[in-house]
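Text of entry_7.txt (compact mmCIF, C-alpha atoms) as supplied:
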# COMPACT_ATOMS: atom_id res chain seq x y z
CA MET P 513 16.25 -8.76 -30.92
CA LYS P 514 16.84 -5.75 -28.65
CA GLN P 515 14.82 -3.53 -30.96
CA LEU P 516 11.96 -6.05 -30.98
CA LEU P 517 12.06 -6.31 -27.19
CA LEU P 518 11.99 -2.53 -26.83
CA ALA P 519 9.06 -2.27 -29.24
CA ILE P 520 7.09 -4.88 -27.30
CA VAL P 521 7.67 -3.14 -23.95
CA ILE P 522 6.84 0.32 -25.31
CA ALA P 523 3.69 -0.91 -27.04
CA THR P 524 2.50 -2.61 -23.86
CA LEU P 525 3.06 0.46 -21.71
CA VAL P 526 1.68 3.05 -24.11
CA SER P 527 -1.54 1.08 -24.58
CA ALA P 528 -2.34 1.32 -20.86
CA CYS P 529 -0.83 4.68 -19.88
CA ALA P 530 -1.25 8.38 -20.54
CA THR P 531 0.95 11.42 -19.93
CA THR P 532 -0.51 14.01 -17.57
CA THR P 533 0.78 17.00 -15.60
CA SER P 534 1.12 16.99 -11.82
CA PRO P 535 0.08 19.99 -9.66
CA THR P 536 3.66 21.30 -9.83
CA GLY P 537 3.78 21.03 -13.63
CA ARG P 538 5.83 17.83 -13.75
CA ARG P 539 5.00 15.42 -16.55
CA GLN P 540 4.00 12.01 -15.25
CA MET P 541 2.88 8.71 -16.73
CA VAL P 542 -0.28 7.23 -15.23
CA GLY P 543 -2.84 4.68 -16.33
CA GLY P 544 -3.87 1.08 -16.13
CA VAL P 545 -6.00 1.59 -13.02
CA SER P 546 -9.16 3.68 -12.57
CA GLN P 547 -9.88 6.17 -9.78
CA ALA P 548 -12.55 3.81 -8.46
CA GLN P 549 -9.98 1.01 -8.30
CA LEU P 550 -7.50 3.29 -6.55
CA ASP P 551 -10.11 4.32 -4.00
CA GLN P 552 -10.99 0.68 -3.41
CA LEU P 553 -7.33 -0.23 -2.92
CA GLY P 554 -6.92 2.67 -0.52
CA ALA P 555 -9.97 1.63 1.50
CA GLN P 556 -8.77 -1.97 1.61
CA ALA P 557 -5.27 -1.01 2.76
CA PHE P 558 -6.72 1.30 5.41
CA ALA P 559 -9.07 -1.40 6.70
CA GLU P 560 -6.24 -3.93 6.88
CA THR P 561 -4.04 -1.47 8.77
CA LYS P 562 -6.80 -0.82 11.30
CA GLN P 563 -7.18 -4.56 11.83
CA LYS P 564 -3.47 -5.14 12.38
CA GLU P 565 -2.53 -2.04 14.39
CA LYS P 566 -3.79 -0.80 17.73
CA ILE P 567 -6.03 2.23 17.30
CA SER P 568 -5.82 5.05 19.83
CA SER P 569 -8.98 5.64 21.86
CA ASP P 570 -7.72 9.04 23.00
CA GLY P 571 -10.46 11.48 22.02
CA ARG P 572 -8.14 14.49 22.09
CA GLN P 573 -5.62 12.89 19.75
CA ASN P 574 -8.29 11.77 17.30
CA GLY P 575 -10.05 15.13 17.37
CA TYR P 576 -6.72 16.93 16.92
CA VAL P 577 -5.83 14.95 13.81
CA GLN P 578 -9.34 15.21 12.33
CA CYS P 579 -9.33 18.98 12.86
CA VAL P 580 -6.06 19.40 10.96
CA VAL P 581 -7.26 17.11 8.17
CA ASN P 582 -10.54 19.01 7.84
CA ALA P 583 -8.74 22.35 7.59
CA LEU P 584 -6.41 21.05 4.87
CA VAL P 585 -9.11 19.22 2.90
CA ALA P 586 -11.21 22.39 2.77
CA GLN P 587 -8.56 23.87 0.45
CA LEU P 588 -8.34 20.92 -1.94
CA PRO P 589 -9.78 20.82 -5.47
CA THR P 590 -13.50 20.09 -5.62
CA GLN P 591 -13.19 16.38 -6.42
CA TYR P 592 -11.29 15.81 -3.17
CA ARG P 593 -13.45 18.02 -0.94
CA GLY P 594 -16.47 15.90 -1.82
CA VAL P 595 -14.83 12.82 -0.31
CA ARG P 596 -15.53 11.88 3.30
CA TRP P 597 -12.02 11.90 4.74
CA GLU P 598 -11.57 9.25 7.41
CA THR P 599 -8.76 9.42 9.95
CA ALA P 600 -7.23 6.98 12.42
CA VAL P 601 -4.55 7.38 15.08
CA PHE P 602 -2.42 4.29 15.64
CA VAL P 603 -0.58 3.53 18.88
CA ASP P 604 2.92 3.28 17.46
CA LYS P 605 6.11 5.04 18.62
CA GLU P 606 7.45 5.38 15.07
CA PRO P 607 6.86 8.98 13.88
CA ASN P 608 4.95 8.28 10.70
CA ALA P 609 1.76 9.16 8.82
CA PHE P 610 0.14 8.32 5.51
CA ALA P 611 -2.75 9.29 3.24
CA LEU P 612 -4.43 7.01 0.73
CA PRO P 613 -6.74 7.44 -2.26
CA GLY P 614 -10.37 7.45 -1.22
CA GLY P 615 -9.82 9.92 1.62
CA LYS P 616 -7.94 7.89 4.24
CA VAL P 617 -5.39 9.38 6.66
CA GLY P 618 -3.46 7.45 9.29
CA VAL P 619 -1.18 8.96 11.93
CA ASN P 620 1.06 7.18 14.43
CA THR P 621 1.12 8.53 17.98
CA GLY P 622 4.88 8.78 17.55
CA ILE P 623 4.41 11.70 15.18
CA PHE P 624 3.41 13.88 18.13
CA SER P 625 6.98 13.58 19.46
CA VAL P 626 8.33 15.47 16.43
CA ALA P 627 5.29 17.51 15.33
CA LYS P 628 5.24 19.86 18.29
CA ASN P 629 2.21 21.96 17.30
CA GLN P 630 -0.72 22.04 14.89
CA ASP P 631 1.30 23.75 12.16
CA GLN P 632 3.94 21.03 12.21
CA LEU P 633 1.28 18.32 12.20
CA ALA P 634 -0.30 20.09 9.21
CA ALA P 635 3.07 19.92 7.46
CA VAL P 636 3.15 16.14 7.93
CA ILE P 637 -0.45 15.53 6.87
CA GLY P 638 -0.30 18.11 4.08
CA HIS P 639 2.70 16.28 2.66
CA GLU P 640 0.85 12.96 2.76
CA ILE P 641 -2.30 14.42 1.18
CA GLY P 642 -0.01 15.91 -1.46
CA HIS P 643 0.84 12.37 -2.57
CA VAL P 644 -2.87 11.70 -3.14
CA ILE P 645 -3.75 14.81 -5.13
CA ALA P 646 -0.58 14.49 -7.23
CA ARG P 647 -1.68 10.94 -8.14
CA HIS P 648 1.57 9.49 -6.85
CA HIS P 649 -0.04 6.18 -5.91
CA GLU P 650 -1.35 5.77 -9.44
CA GLU P 651 1.99 6.82 -10.87
CA ARG P 652 3.84 4.32 -8.70
CA ILE P 653 1.51 1.50 -9.69
CA THR P 654 2.01 2.41 -13.36
CA ARG P 655 5.78 2.35 -12.95
CA GLN P 656 5.73 -0.96 -11.14
CA MET P 657 3.53 -2.44 -13.85
CA GLY P 658 6.00 -1.21 -16.46
CA ALA P 659 8.99 -2.62 -14.60
CA GLN P 660 7.27 -5.99 -14.17
CA THR P 661 6.27 -6.05 -17.84
CA GLY P 662 9.83 -5.38 -18.96
CA LEU P 663 11.27 -8.01 -16.63
CA ALA P 664 8.71 -10.57 -17.76
CA VAL P 665 9.73 -10.07 -21.41
CA LEU P 666 13.43 -10.24 -20.56
CA GLY P 667 12.88 -13.35 -18.47
CA ALA P 668 10.93 -15.07 -21.24
CA LEU P 669 13.66 -14.36 -23.79
CA ALA P 670 16.39 -15.50 -21.40
CA GLY P 671 14.45 -18.68 -20.72
CA ALA P 672 14.08 -19.39 -24.42
CA TYR P 673 17.82 -19.12 -25.00
CA GLY P 674 19.32 -20.17 -21.69
CA GLY P 675 16.76 -22.29 -19.91
CA GLU P 676 14.85 -21.79 -16.68
CA GLY P 677 17.97 -20.98 -14.67
CA ALA P 678 18.87 -18.10 -16.96
CA ALA P 679 15.33 -16.74 -16.76
CA SER P 680 15.39 -16.84 -12.96
CA THR P 681 18.75 -15.03 -12.83
CA VAL P 682 17.56 -12.30 -15.18
CA ASN P 683 14.40 -11.76 -13.14
CA GLN P 684 16.33 -11.56 -9.85
CA LEU P 685 19.02 -9.20 -11.14
CA GLY P 686 16.49 -7.23 -13.12
CA GLY P 687 14.32 -6.76 -10.06
CA MET P 688 17.26 -5.36 -8.12
CA GLY P 689 18.13 -3.03 -10.98
CA ALA P 690 14.56 -1.81 -11.39
CA GLN P 691 14.29 -1.05 -7.69
CA THR P 692 17.54 0.88 -7.32
CA ALA P 693 17.72 2.55 -10.74
CA PHE P 694 14.07 3.12 -11.61
CA LEU P 695 11.49 2.82 -8.83
CA LEU P 696 13.35 4.47 -5.96
CA PRO P 697 14.53 7.59 -7.85
CA GLY P 698 10.94 8.19 -8.86
CA SER P 699 9.89 7.90 -5.24
CA ARG P 700 12.38 10.60 -4.24
CA THR P 701 10.91 12.85 -6.91
CA GLN P 702 7.46 12.23 -5.51
CA GLU P 703 8.59 12.96 -1.96
CA SER P 704 10.07 16.31 -3.00
CA GLU P 705 6.93 17.16 -4.94
CA ALA P 706 4.73 16.25 -1.98
CA ASP P 707 6.79 18.64 0.15
CA VAL P 708 6.05 21.49 -2.26
CA ILE P 709 2.34 20.66 -2.49
CA GLY P 710 1.94 20.09 1.24
CA GLN P 711 3.70 23.28 2.26
CA ARG P 712 1.49 25.37 -0.05
CA LEU P 713 -1.62 23.52 1.11
CA MET P 714 -0.87 24.22 4.77
CA ALA P 715 -0.35 27.92 3.98
CA GLU P 716 -3.66 28.07 2.11
CA ALA P 717 -5.37 26.45 5.09
CA GLY P 718 -3.97 29.03 7.50
CA PHE P 719 -1.08 27.05 8.96
CA ASN P 720 2.34 28.70 9.14
CA PRO P 721 4.44 27.26 6.24
CA ALA P 722 7.68 28.12 8.06
CA GLN P 723 6.81 25.40 10.58
CA ALA P 724 7.45 22.77 7.88
CA VAL P 725 11.13 23.61 8.25
CA ASP P 726 10.99 23.16 12.03
CA LEU P 727 9.17 19.86 11.60
CA TRP P 728 11.84 18.33 9.38
CA GLN P 729 14.57 19.65 11.63
CA ASN P 730 12.86 17.78 14.47
CA MET P 731 12.57 14.68 12.28
CA MET P 732 16.25 14.89 11.36
CA ALA P 733 17.25 15.20 15.02
CA ALA P 734 15.07 12.23 15.98
CA SER P 735 16.17 9.92 13.14
CA GLY P 736 19.92 9.97 13.82
CA GLY P 737 21.79 7.94 11.21
CA ARG P 738 20.25 7.13 7.83
CA SER P 739 21.01 5.08 4.70
CA PRO P 740 22.72 6.67 1.71
CA GLN P 741 20.50 9.03 -0.25
CA TRP P 742 20.62 6.99 -3.47
CA LEU P 743 19.15 3.97 -1.63
CA SER P 744 16.41 5.95 0.09
CA THR P 745 12.86 6.69 -0.97
CA HIS P 746 13.13 10.08 0.74
CA PRO P 747 15.27 13.09 -0.13
CA ASP P 748 18.30 13.84 1.99
CA PRO P 749 17.03 15.64 5.13
CA ALA P 750 19.43 18.57 4.78
CA ASN P 751 18.41 19.10 1.14
CA ARG P 752 14.77 18.81 2.09
CA ILE P 753 15.13 21.49 4.79
CA ARG P 754 16.93 23.85 2.39
CA GLU P 755 14.16 23.47 -0.19
CA LEU P 756 11.44 24.11 2.38
CA GLN P 757 13.31 27.18 3.64
CA ARG P 758 13.63 28.40 0.05
CA ASP P 759 9.86 28.39 -0.44
CA VAL P 760 8.87 30.07 2.82
CA PRO P 761 9.16 33.71 1.58
CA ALA P 762 6.94 33.04 -1.45
CA LEU P 763 4.31 31.33 0.73
CA GLY P 764 4.25 34.15 3.30
CA PRO P 765 1.63 36.17 1.39
CA VAL P 766 -0.47 33.02 0.86
CA TYR P 767 -0.47 32.39 4.61
CA GLN P 768 -1.27 36.03 5.40
CA GLN P 769 -4.15 36.03 2.92
CA ALA P 770 -5.57 32.87 4.49
CA GLN P 771 -5.36 34.46 7.93
CA ALA P 772 -7.05 37.62 6.67
CA ALA P 773 -9.85 35.51 5.19
CA GLY P 774 -10.51 34.01 8.62
CA ARG P 775 -8.76 30.69 8.05
CA ARG P 776 -7.16 30.37 11.48
CA PRO P 777 -7.30 26.72 12.56
CA LYS P 778 -7.57 26.09 16.30
CA CYS P 779 -6.91 22.37 16.48
CA GLY P 780 -4.73 22.22 19.58

Take the structure I supplied and represent it as structure tokens, if you would.
Amino acid sequence: MKQLLLAIVIATLVSACATTTSPTGRRQMVGGVSQAQLDQLGAQAFAETKQKEKISSDGRQNGYVQCVVNALVAQLPTQYRGVRWETAVFVDKEPNAFALPGGKVGVNTGIFSVAKNQDQLAAVIGHEIGHVIARHHEERITRQMGAQTGLAVLGALAGAYGGEGAASTVNQLGGMGAQTAFLLPGSRTQESEADVIGQRLMAEAGFNPAQAVDLWQNMMAASGGRSPQWLSTHPDPANRIRELQRDVPALGPVYQQAQAAGRRPKCG
């Protein structure tokens, strides 16, 4: 029975997914949703956020964010440069930002309390854009689809042998297990990868990659206590800072080359 169950799950996943390589060379499983669908989902989520949240009318803040986004996007692969990237600044004290498929970037006003200059803001936005170009949203959807498929099969089998109560228990426990042992570890991998991509992107755009370290030190100071690393979707802050510091020397020449080529953003 276990072998049959495994065969069913594998067959279902393989039929809808494909193995690709991320910008850092990591193998990832994606599929089951087209780029057009992803862009539509991104546009829908962005529109809903703008309806629910208060949007800043501060022209300087909006221009500042758009300037940083434009500088970063100019260094993206062709398929992303051709997208009209839309930005929005939300009046929210929480220091947060996001980027979505379809060229959508949102920034909370609270981010300005930890991103002290344009380079640090570029580190935040570069990280978020890194999620998009590494297809992390598609990868996450694929993983969630796989987890739900596996739980549905397990629940059906449990229901057949133990009744509806057994099926419900399996689905509840299975959902907890999938979240803590499968979905969240993948999210930490994506966060670390987005750090790597974003830090290189900011250097290519002419922002100082060393400022990514200062940004996360500011974030760590502002966040105070945090949940255990194994229950978090983000890497441990101290580990994150060490990894960003590790990559600064290699990105120095990239930054210097960008500066020499005239890529010297003046966003504010």

**Item:** Surrounding residues of P:Ala717 excluding itself and chain neighbours under 5 positions, 7 Å, all atoms listed in the file, as a PyMOL selection string
**Value:** chain P and resi 583-584+587+770+775

Given the selection you just returned, output its residues as a file containing C-alpha atoms, formatted as an mmCIF file, in the coordinates of the input.
data_model
loop_
_atom_site.group_PDB
_atom_site.id
_atom_site.type_symbol
_atom_site.label_atom_id
_atom_site.label_comp_id
_atom_site.auth_asym_id
_atom_site.auth_seq_id
_atom_site.Cartn_x
_atom_site.Cartn_y
_atom_site.Cartn_z
ATOM 1 C CA ALA P 583 -8.740 22.350 7.590
ATOM 2 C CA LEU P 584 -6.410 21.050 4.870
ATOM 3 C CA GLN P 587 -8.560 23.870 0.450
ATOM 4 C CA ALA P 770 -5.570 32.870 4.490
ATOM 5 C CA ARG P 775 -8.760 30.690 8.050
#

**Message:** What's around stretch 605-619 of chain P at 8 Å? Count all atoms listed in the file, leave out sequence neighbours fewer than 4 positions away in its own chain, and write the answer as a PyMOL selection string.
**Reply:** chain P and resi 550-555+558+577+592+595-601+623-626+636-637+640-641+643-644+649

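Ranking P:Gln702, P:Asn751, P:Gln711, P:Gln729 by their shortest atom-to-atom distance to P:Gln540, with all atoms listed in the file included, puts P:Gln702 first.
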
**Prompt:** Between P:Arg752, P:Arg776, P:Arg647, P:Arg655, which one has atoms that come closest to P:Ala715, using all atoms listed in the file?
**Reply:**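 Among the listed residues, P:Arg776 lies closest to P:Ala715.
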
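We find atom CA of P:Ser704 and atom CA of P:Trp728 to be spaced 12.7 Å apart.
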